[in-house]
file target-v2.cif (mmCIF, C-alpha atoms and all ligand atoms)
data_data
#
loop_
_atom_site.label_atom_id
_atom_site.label_comp_id
_atom_site.auth_asym_id
_atom_site.auth_seq_id
_atom_site.Cartn_x
_atom_site.Cartn_y
_atom_site.Cartn_z
CA MET A 20 0.00 0.00 0.00
CA LYS A 21 1.44 3.33 -1.13
CA LEU A 22 0.97 6.19 1.34
CA ALA A 23 0.07 9.78 0.50
CA LEU A 24 0.61 12.72 2.84
CA LYS A 25 -3.07 12.65 3.84
CA ASP A 26 -2.61 9.07 5.13
CA ILE A 27 -0.03 10.15 7.71
CA ARG A 28 -1.69 10.86 11.02
CA LYS A 29 0.58 9.36 13.63
CA VAL A 30 4.35 9.88 13.70
CA LEU A 31 6.82 7.92 15.83
CA ILE A 32 10.16 9.49 16.72
CA LEU A 33 12.90 7.09 17.85
CA GLY A 34 15.33 8.89 20.18
CA SER A 35 14.52 11.98 22.26
CA GLY A 36 17.92 13.68 22.09
CA THR A 37 19.00 16.89 20.34
CA MET A 38 17.30 15.96 17.06
CA GLY A 39 14.44 13.69 18.10
CA LEU A 40 12.96 16.27 20.46
CA ARG A 41 13.03 18.91 17.72
CA ILE A 42 11.64 16.72 14.92
CA GLY A 43 8.97 15.50 17.34
CA LEU A 44 8.03 19.04 18.31
CA GLN A 45 7.80 20.17 14.67
CA SER A 46 5.73 17.08 13.86
CA ALA A 47 3.27 18.01 16.63
CA LEU A 48 3.22 21.67 15.55
CA SER A 49 2.38 20.44 12.03
CA GLY A 50 -0.67 18.64 13.42
CA PHE A 51 0.56 15.03 13.59
CA ASP A 52 -0.09 12.89 16.66
CA THR A 53 3.46 12.29 17.82
CA VAL A 54 5.02 9.59 19.97
CA ILE A 55 8.59 10.10 21.16
CA TYR A 56 10.36 6.90 22.19
CA ASP A 57 13.71 6.54 23.97
CA ILE A 58 15.37 3.76 25.94
CA HIS A 59 16.46 6.28 28.57
CA GLU A 60 13.50 7.78 30.45
CA SER A 61 15.89 10.33 31.97
CA SER A 62 16.38 11.99 28.57
CA PHE A 63 12.69 13.02 28.52
CA VAL A 64 13.32 15.57 31.28
CA SER A 65 15.71 17.68 29.23
CA ALA A 66 13.75 17.01 26.00
CA LYS A 67 10.61 18.52 27.55
CA LYS A 68 12.54 21.48 28.94
CA ILE A 69 14.13 22.26 25.56
CA GLN A 70 10.80 21.87 23.75
CA GLN A 71 9.26 24.39 26.17
CA SER A 72 12.05 26.87 25.52
CA ILE A 73 11.78 26.45 21.72
CA LEU A 74 8.02 27.07 21.93
CA LYS A 75 8.63 30.16 24.06
CA GLN A 76 11.01 31.53 21.42
CA LEU A 77 8.52 30.78 18.63
CA ILE A 78 5.77 32.59 20.54
CA GLU A 79 8.06 35.58 21.18
CA LYS A 80 8.86 35.74 17.45
CA GLN A 81 5.11 35.50 16.78
CA SER A 82 5.68 32.43 14.60
CA ILE A 83 3.03 30.59 16.64
CA THR A 84 0.34 31.51 19.17
CA ASP A 85 0.08 30.32 22.80
CA LYS A 86 -2.86 28.18 21.76
CA GLU A 87 -0.87 26.50 18.96
CA ALA A 88 1.94 25.74 21.40
CA GLU A 89 -0.50 24.24 23.86
CA LEU A 90 -2.16 22.11 21.16
CA ALA A 91 1.24 20.88 19.95
CA LEU A 92 2.30 19.77 23.44
CA GLY A 93 -1.03 18.00 23.78
CA ARG A 94 -0.23 15.93 20.67
CA ILE A 95 3.06 14.57 22.07
CA ILE A 96 3.40 11.38 24.11
CA PHE A 97 6.75 10.27 25.56
CA THR A 98 7.29 6.57 26.19
CA THR A 99 9.96 3.95 26.84
CA ASP A 100 7.54 1.16 25.93
CA THR A 101 8.28 -0.23 22.45
CA LYS A 102 4.86 -1.82 21.87
CA SER A 103 2.75 1.21 22.73
CA ALA A 104 5.22 3.45 20.82
CA ALA A 105 4.71 1.44 17.62
CA ASN A 106 0.95 1.11 17.93
CA ASN A 107 -0.89 2.46 14.89
CA VAL A 108 1.95 4.62 13.54
CA ASP A 109 2.10 5.68 9.88
CA PHE A 110 5.52 7.28 9.78
CA VAL A 111 8.76 6.73 11.73
CA SER A 112 11.70 9.12 12.03
CA GLU A 113 14.76 7.63 13.73
CA SER A 114 17.29 9.79 15.63
CA VAL A 115 19.10 7.37 17.95
CA TRP A 116 22.87 7.39 18.47
CA GLU A 117 25.06 7.50 15.38
CA GLU A 118 26.31 3.92 15.75
CA LEU A 119 25.54 1.25 13.19
CA SER A 120 24.94 -1.47 15.82
CA VAL A 121 22.44 0.76 17.68
CA LYS A 122 20.58 1.71 14.48
CA LYS A 123 20.41 -1.96 13.43
CA GLU A 124 19.07 -3.06 16.80
CA VAL A 125 16.43 -0.32 17.00
CA TRP A 126 15.17 -0.96 13.47
CA SER A 127 15.04 -4.73 14.03
CA THR A 128 12.84 -4.13 17.07
CA PHE A 129 10.46 -1.67 15.40
CA ALA A 130 10.31 -3.56 12.09
CA ASP A 131 8.31 -6.26 13.86
CA LEU A 132 6.17 -3.91 15.96
CA CYS A 133 5.08 -1.18 13.52
CA PRO A 134 2.15 -1.66 11.13
CA PRO A 135 3.31 -2.94 7.70
CA HIS A 136 2.14 0.23 5.90
CA ALA A 137 4.32 2.59 7.99
CA VAL A 138 7.10 4.44 6.17
CA PHE A 139 10.50 4.34 7.92
CA THR A 140 13.08 7.13 7.78
CA THR A 141 16.50 7.67 9.34
CA ASN A 142 18.12 10.93 10.36
CA THR A 143 21.62 9.42 10.28
CA SER A 144 24.35 11.99 9.65
CA TYR A 145 27.07 9.95 7.98
CA LEU A 146 25.96 6.31 7.80
CA LEU A 147 24.23 5.24 4.60
CA PRO A 148 20.64 3.94 4.67
CA SER A 149 21.69 0.80 2.73
CA GLN A 150 23.91 -0.19 5.71
CA PHE A 151 20.81 -1.01 7.77
CA ALA A 152 17.97 -1.10 5.21
CA SER A 153 17.57 -4.87 5.59
CA ASP A 154 17.05 -4.49 9.38
CA THR A 155 13.87 -2.48 8.68
CA LYS A 156 12.40 -5.54 6.88
CA ARG A 157 10.74 -3.07 4.48
CA SER A 158 13.70 -1.61 2.65
CA GLU A 159 11.45 -0.48 -0.23
CA ARG A 160 9.67 1.99 2.09
CA PHE A 161 12.82 3.06 3.95
CA CYS A 162 14.74 6.24 3.11
CA ALA A 163 17.08 8.77 4.71
CA PHE A 164 15.20 11.92 5.76
CA HIS A 165 17.92 14.04 7.27
CA PHE A 166 17.21 17.22 9.21
CA HIS A 167 19.71 19.91 10.20
CA ASP A 168 18.40 21.83 13.18
CA VAL A 169 14.66 21.84 12.29
CA PHE A 170 13.92 25.32 13.70
CA GLN A 171 17.01 27.44 12.95
CA ALA A 172 18.24 25.57 9.85
CA ASN A 173 15.15 24.16 8.19
CA VAL A 174 16.50 22.10 5.31
CA VAL A 175 15.83 18.37 5.05
CA ASP A 176 17.75 15.96 2.78
CA VAL A 177 15.76 13.19 1.10
CA MET A 178 18.24 10.47 0.14
CA PRO A 179 16.98 7.07 -1.07
CA HIS A 180 19.08 3.91 -1.15
CA ALA A 181 19.00 1.74 -4.27
CA GLY A 182 15.95 -0.21 -3.04
CA THR A 183 13.74 2.76 -2.01
CA GLU A 184 10.59 2.98 -4.14
CA GLU A 185 10.03 6.24 -6.01
CA TRP A 186 6.70 7.07 -4.34
CA VAL A 187 8.49 7.16 -0.96
CA VAL A 188 10.78 9.92 -2.24
CA ASP A 189 7.76 11.88 -3.53
CA LEU A 190 6.02 11.44 -0.19
CA LEU A 191 9.08 12.65 1.76
CA MET A 192 9.46 15.73 -0.42
CA GLU A 193 5.86 16.60 0.54
CA MET A 194 6.30 15.55 4.16
CA GLY A 195 9.36 17.83 4.37
CA LYS A 196 7.27 20.81 3.32
CA SER A 197 4.50 19.93 5.75
CA LEU A 198 7.15 19.95 8.51
CA LYS A 199 8.13 23.51 7.43
CA GLN A 200 11.45 22.39 5.96
CA THR A 201 13.03 22.99 2.56
CA PRO A 202 13.35 19.48 1.09
CA VAL A 203 16.43 18.84 -1.07
CA PHE A 204 16.86 15.66 -3.12
CA VAL A 205 20.10 13.67 -3.01
CA LYS A 206 19.83 11.50 -6.13
CA LYS A 207 21.95 8.63 -4.85
CA GLU A 208 23.60 7.57 -1.61
CA SER A 209 26.49 9.83 -0.73
CA PRO A 210 28.09 10.29 2.72
CA GLY A 211 27.12 13.59 4.34
CA TYR A 212 24.27 14.37 1.94
CA ILE A 213 24.67 17.96 0.60
CA PHE A 214 25.41 20.42 3.40
CA ASN A 215 27.27 17.98 5.69
CA ALA A 216 29.55 16.92 2.82
CA MET A 217 30.66 20.54 2.61
CA LEU A 218 30.68 20.98 6.41
CA VAL A 219 32.90 17.96 7.09
CA ALA A 220 35.58 19.46 4.85
CA LEU A 221 35.45 22.75 6.79
CA ILE A 222 35.49 21.03 10.21
CA GLY A 223 38.33 18.73 9.15
CA ALA A 224 40.44 21.70 8.04
CA ALA A 225 39.63 23.60 11.27
CA GLY A 226 40.56 20.55 13.37
CA ALA A 227 43.90 20.11 11.60
CA LEU A 228 44.79 23.79 12.14
CA VAL A 229 44.50 23.18 15.88
CA THR A 230 45.85 19.61 16.25
CA TYR A 231 48.93 20.42 14.13
CA ASP A 232 49.42 23.49 16.36
CA ILE A 233 49.08 25.99 13.55
CA SER A 234 46.44 28.13 15.26
CA SER A 235 44.12 28.28 18.29
CA ILE A 236 40.46 27.27 18.54
CA GLU A 237 39.43 30.89 19.08
CA ASP A 238 41.48 32.29 16.18
CA VAL A 239 40.16 29.65 13.78
CA ASP A 240 36.61 30.70 14.72
CA ARG A 241 37.56 34.40 14.59
CA SER A 242 38.86 33.98 11.07
CA TRP A 243 35.67 32.28 9.85
CA ILE A 244 33.32 34.69 11.65
CA GLY A 245 35.32 37.77 10.63
CA ASN A 246 35.72 36.83 6.98
CA PHE A 247 32.19 35.69 6.25
CA LYS A 248 30.39 37.84 8.84
CA MET A 249 28.98 34.63 10.28
CA THR A 250 27.58 34.30 13.81
CA VAL A 251 29.54 31.13 14.58
CA GLY A 252 32.82 29.45 13.57
CA PRO A 253 33.74 25.75 13.10
CA PHE A 254 34.34 25.02 16.81
CA GLY A 255 31.11 26.76 17.84
CA ILE A 256 29.35 24.65 15.19
CA LEU A 257 30.92 21.50 16.68
CA ASP A 258 29.57 22.47 20.12
CA ALA A 259 26.09 22.76 18.60
CA ILE A 260 26.37 19.39 16.83
CA GLY A 261 27.63 17.66 20.00
CA LEU A 262 31.24 16.52 20.40
CA ASP A 263 30.16 12.88 20.84
CA THR A 264 28.33 12.90 17.50
CA ALA A 265 31.30 14.68 15.91
CA TRP A 266 33.68 12.09 17.38
CA HIS A 267 31.72 9.19 15.83
CA VAL A 268 31.96 10.83 12.41
CA THR A 269 35.60 11.93 12.66
CA ASN A 270 36.80 8.68 14.19
CA SER A 271 35.16 6.65 11.43
CA LEU A 272 36.97 8.53 8.65
CA GLY A 273 40.23 6.70 9.41
CA ASP A 274 42.82 9.01 7.82
CA PRO A 275 45.65 10.30 10.10
CA LYS A 276 44.34 13.91 10.16
CA SER A 277 40.85 12.81 11.21
CA LYS A 278 42.23 10.34 13.79
CA LYS A 279 44.30 13.12 15.36
CA PHE A 280 41.25 15.36 15.56
CA ALA A 281 39.12 12.50 16.96
CA SER A 282 41.71 12.14 19.78
CA LEU A 283 41.30 15.81 20.65
CA LEU A 284 37.50 15.47 20.69
CA LYS A 285 37.86 12.40 22.95
CA THR A 286 39.71 14.41 25.61
CA TYR A 287 36.68 16.72 25.86
CA ILE A 288 34.19 13.83 25.83
CA ASP A 289 36.08 12.04 28.64
CA GLU A 290 35.63 15.15 30.78
CA GLY A 291 31.87 15.19 30.05
CA LYS A 292 32.21 18.22 27.79
CA LEU A 293 29.87 17.37 24.92
CA GLY A 294 29.12 20.92 23.75
CA GLN A 295 25.98 23.02 24.13
CA LYS A 296 23.91 20.13 25.50
CA THR A 297 26.13 19.76 28.59
CA GLY A 298 26.85 23.48 28.93
CA GLN A 299 30.53 22.99 28.10
CA GLY A 300 32.45 22.05 24.98
CA PHE A 301 35.07 24.17 23.27
CA TYR A 302 33.10 27.08 24.76
CA THR A 303 30.94 27.52 27.88
CA TYR A 304 27.13 27.89 27.53
CA PRO A 305 24.96 29.88 27.68
CA ASN A 306 26.71 33.01 26.40
CA PRO A 307 29.75 31.44 24.73
CA ALA A 308 32.78 33.70 24.23
CA PHE A 309 32.34 33.86 20.43
CA MET A 310 28.93 35.51 20.87
CA LYS A 311 30.24 38.24 23.15
CA PRO A 312 30.86 41.68 21.67
CA GLY A 313 34.54 42.19 20.92
CA PHE A 314 35.33 38.49 20.29
CA VAL A 315 36.25 38.94 16.65
CA ASN A 316 38.24 42.13 17.11
CA LYS A 317 39.81 40.96 20.41
CA ASP A 318 38.60 44.20 22.03
N1 LIG B 401 23.11 16.73 16.46
C1 LIG B 401 22.97 17.13 15.21
O1 LIG B 401 23.26 18.28 14.87
C2 LIG B 401 22.43 16.17 14.16
C3 LIG B 401 21.94 16.70 12.95
C4 LIG B 401 21.39 15.82 12.01
C5 LIG B 401 21.35 14.48 12.25
N2 LIG B 401 21.86 13.97 13.43
C6 LIG B 401 21.76 12.54 13.63
O2 LIG B 401 20.61 12.30 14.43
C7 LIG B 401 20.84 11.15 15.25
C8 LIG B 401 20.67 11.54 16.70
O3 LIG B 401 21.59 12.57 17.01
P1 LIG B 401 21.37 13.50 18.28
O4 LIG B 401 22.33 14.61 18.15
O5 LIG B 401 19.93 13.77 18.49
O6 LIG B 401 21.91 12.51 19.43
P2 LIG B 401 21.66 12.60 21.00
O7 LIG B 401 22.80 11.89 21.64
O8 LIG B 401 21.34 13.99 21.41
O9 LIG B 401 20.33 11.72 21.19
C9 LIG B 401 20.26 10.35 20.87
C10 LIG B 401 19.15 9.73 21.70
O10 LIG B 401 19.03 8.36 21.31
C11 LIG B 401 18.72 7.63 22.46
N3 LIG B 401 19.01 6.23 22.22
C12 LIG B 401 20.20 5.62 22.18
N4 LIG B 401 20.03 4.30 21.93
C13 LIG B 401 18.71 4.12 21.77
C14 LIG B 401 17.89 2.99 21.50
N5 LIG B 401 18.44 1.78 21.33
N6 LIG B 401 16.56 3.15 21.41
C15 LIG B 401 16.00 4.38 21.60
N7 LIG B 401 16.72 5.49 21.88
C16 LIG B 401 18.06 5.35 21.97
C17 LIG B 401 19.56 8.26 23.57
O11 LIG B 401 19.05 7.95 24.85
C18 LIG B 401 19.44 9.74 23.22
O12 LIG B 401 18.35 10.34 23.90
C19 LIG B 401 22.24 10.63 14.91
O13 LIG B 401 22.15 9.66 13.92
C20 LIG B 401 22.92 11.89 14.37
O14 LIG B 401 23.97 11.57 13.50
C21 LIG B 401 22.38 14.80 14.38
#
call {"tool": "encode", "arguments": {"input": "target-v2.cif", "output": "structure tokens"}}
result
Amino acid sequence: MKLALKDIRKVLILGSGTMGLRIGLQSALSGFDTVIYDIHESSFVSAKKIQQSILKQLIEKQSITDKEAELALGRIIFTTDTKSAANNVDFVSESVWEELSVKKEVWSTFADLCPPHAVFTTNTSYLLPSQFASDTKRSERFCAFHFHDVFQANVVDVMPHAGTEEWVVDLLMEMGKSLKQTPVFVKKESPGYIFNAMLVALIGAAGALVTYDISSIEDVDRSWIGNFKMTVGPFGILDAIGLDTAWHVTNSLGDPKSKKFASLLKTYIDEGKLGQKTGQGFYTYPNPAFMKPGFVNKD
């Protein structure tokens, strides 16, 4: 059975971390009944807090009303129970840890629990959907649907693997729009999709400048911010991505430059400094140094 946008009523989000909580919130704001599943109940506490603060910002910007925020929250259910999470869902968006073994395990579980008609999507950053398509047991209705930040950076990549049926791509291009994203089509599997393929080159170059002791973290960011009049540099971007996620990507690349940079990231991770989400990464949050007046000019 092919699905059309009108057939999607209930959305299941796997993982309630940085991305899952945002995709889930946008899904609810777009009118879908939304279930957010995680194995760690503790992660719901911060997910709910961050969702509240995103809604507050959206209300302040007059992007939504108080009533719309209230209705959206009313459409979200958090659960650690796999069976009730999968009950009656039409669409699944997976945002669990960026580890192949974890993705495979999660999809194997939900493949058996979700209704056969449900469309499955992964938000993986650098793995390829074909690496775990068979675990979904419905590879023809499985596709990468990769978000960036959802609210600040609202572009979503639609990247099929060789076995994805064409109607699924068409559906995701429409679903992307209904989630207030700009959908972009990646014609064939390619690591990093579109934006991340460009970003990984920038981050890799920034990392090498520091690990080969050519420049400092702050000066690398100053150069990027000052030249392009950007609000954030490569190390500030890494803090937003999460140093653990960045480590998985960098460590998997395998070349000596990337390995050296992965070792630097590991020293931060071992100290619990994962970036914005823990309040400390290369910078301290809130109010990181690069956002303070005078950072670029060293005033
Ligand atoms: N952070 C980003 O900027 C970003 C952007 C786009 C895509 N992604 C991708 O999205 C995915 C999630 O990234 P994130 O930054 O939200 O990670 P995160 O660490 O913030 O959250 C991951 C969540 O997955 C949960 N989890 C782990 N194993 C699980 C399991 N077996 N079942 C259910 N939940 C499980 C964890 O408890 C955690 O809450 C990754 O694949 C990542 O590459 C991240």
call {"tool": "axis_aligned_box", "arguments": {"input": "target-v2.cif", "around": "segment 81-88 of chain A", "padding_each_side": "3 Å", "output": "lines of an AutoDock Vina configuration file"}}
result
center_x = 1.4
center_y = 30.6
center_z = 18.7
size_x = 14.5
size_y = 15.8
size_z = 14.2
call {"tool": "atom_distance", "arguments": {"input": "target-v2.cif", "atom1": "atom CA of Arg157 of chain A", "atom2": "atom CA of Thr140 of chain A"}}
result
11.0 Å
call {"tool": "residues_near_ligand", "arguments": {"input": "target-v2.cif", "ligand": "ligand LIG 401 (chain B)", "cutoff": "6 Å", "atoms": "all atoms listed in the file", "output": "PDB file with C-alpha atoms, in the coordinates of the input"}}
result
ATOM      1  CA  LEU A  33      12.900   7.090  17.850  1.00  0.00           C
ATOM      2  CA  GLY A  34      15.330   8.890  20.180  1.00  0.00           C
ATOM      3  CA  SER A  35      14.520  11.980  22.260  1.00  0.00           C
ATOM      4  CA  GLY A  36      17.920  13.680  22.090  1.00  0.00           C
ATOM      5  CA  THR A  37      19.000  16.890  20.340  1.00  0.00           C
ATOM      6  CA  MET A  38      17.300  15.960  17.060  1.00  0.00           C
ATOM      7  CA  GLY A  39      14.440  13.690  18.100  1.00  0.00           C
ATOM      8  CA  ASP A  57      13.710   6.540  23.970  1.00  0.00           C
ATOM      9  CA  ILE A  58      15.370   3.760  25.940  1.00  0.00           C
ATOM     10  CA  HIS A  59      16.460   6.280  28.570  1.00  0.00           C
ATOM     11  CA  SER A  62      16.380  11.990  28.570  1.00  0.00           C
ATOM     12  CA  SER A 114      17.290   9.790  15.630  1.00  0.00           C
ATOM     13  CA  VAL A 115      19.100   7.370  17.950  1.00  0.00           C
ATOM     14  CA  TRP A 116      22.870   7.390  18.470  1.00  0.00           C
ATOM     15  CA  GLU A 117      25.060   7.500  15.380  1.00  0.00           C
ATOM     16  CA  VAL A 121      22.440   0.760  17.680  1.00  0.00           C
ATOM     17  CA  VAL A 125      16.430  -0.320  17.000  1.00  0.00           C
ATOM     18  CA  ASN A 142      18.120  10.930  10.360  1.00  0.00           C
ATOM     19  CA  THR A 143      21.620   9.420  10.280  1.00  0.00           C
ATOM     20  CA  SER A 144      24.350  11.990   9.650  1.00  0.00           C
ATOM     21  CA  PHE A 166      17.210  17.220   9.210  1.00  0.00           C
ATOM     22  CA  HIS A 167      19.710  19.910  10.200  1.00  0.00           C
ATOM     23  CA  ILE A 260      26.370  19.390  16.830  1.00  0.00           C
ATOM     24  CA  GLY A 261      27.630  17.660  20.000  1.00  0.00           C
TER      25      GLY A 261
END
call {"tool": "closest_residue", "arguments": {"input": "target-v2.cif", "among": "A:Val177, A:Leu48, A:Val239, A:Ala105", "to": "Asp85 of chain A", "atoms": "all atoms listed in the file"}}
result
A:Leu48
call {"tool": "closest_residue", "arguments": {"input": "target-v2.cif", "among": "A:Ala220, A:Ile236, A:Ala227, A:Leu146", "to": "Val268 of chain A", "atoms": "only C-alpha atoms"}}
result
A:Leu146
call {"tool": "atom_distance", "arguments": {"input": "target-v2.cif", "atom1": "atom CA of Gly195 of chain A", "atom2": "atom CA of Trp126 of chain A"}}
result
21.7 Å
call {"tool": "closest_residue", "arguments": {"input": "target-v2.cif", "among": "A:Val54, A:Val315, A:Ile69, A:Leu284", "to": "Arg41 of chain A", "atoms": "only C-alpha atoms"}}
result
A:Ile69
call {"tool": "closest_residue", "arguments": {"input": "target-v2.cif", "among": "A:Arg160, A:Lys123, A:Lys206, A:Lys317", "to": "Gly245 of chain A", "atoms": "only C-alpha atoms"}}
result
A:Lys317
call {"tool": "closest_residue", "arguments": {"input": "target-v2.cif", "among": "A:Lys102, A:His165, A:Lys207, A:Lys285", "to": "Ile42 of chain A", "atoms": "only C-alpha atoms"}}
result
A:His165
call {"tool": "atom_distance", "arguments": {"input": "target-v2.cif", "atom1": "atom CA of Asp240 of chain A", "atom2": "atom CA of Thr269 of chain A"}}
result
18.9 Å
call {"tool": "residues_around", "arguments": {"input": "target-v2.cif", "residues": "Arg241 of chain A", "least_positions_apart": "4", "cutoff": "12 Å", "atoms": "all atoms listed in the file", "output": "CSV table (one decimal) with C-alpha atoms, in the coordinates of the input"}}
result
chain,number,residue,atom,x,y,z
A,225,ALA,CA,39.6,23.6,11.3
A,234,SER,CA,46.4,28.1,15.3
A,235,SER,CA,44.1,28.3,18.3
A,236,ILE,CA,40.5,27.3,18.5
A,237,GLU,CA,39.4,30.9,19.1
A,245,GLY,CA,35.3,37.8,10.6
A,246,ASN,CA,35.7,36.8,7.0
A,247,PHE,CA,32.2,35.7,6.2
A,248,LYS,CA,30.4,37.8,8.8
A,249,MET,CA,29.0,34.6,10.3
A,250,THR,CA,27.6,34.3,13.8
A,251,VAL,CA,29.5,31.1,14.6
A,252,GLY,CA,32.8,29.4,13.6
A,253,PRO,CA,33.7,25.8,13.1
A,254,PHE,CA,34.3,25.0,16.8
A,255,GLY,CA,31.1,26.8,17.8
A,308,ALA,CA,32.8,33.7,24.2
A,309,PHE,CA,32.3,33.9,20.4
A,310,MET,CA,28.9,35.5,20.9
A,311,LYS,CA,30.2,38.2,23.2
A,313,GLY,CA,34.5,42.2,20.9
A,314,PHE,CA,35.3,38.5,20.3
A,315,VAL,CA,36.2,38.9,16.6
A,316,ASN,CA,38.2,42.1,17.1
A,317,LYS,CA,39.8,41.0,20.4
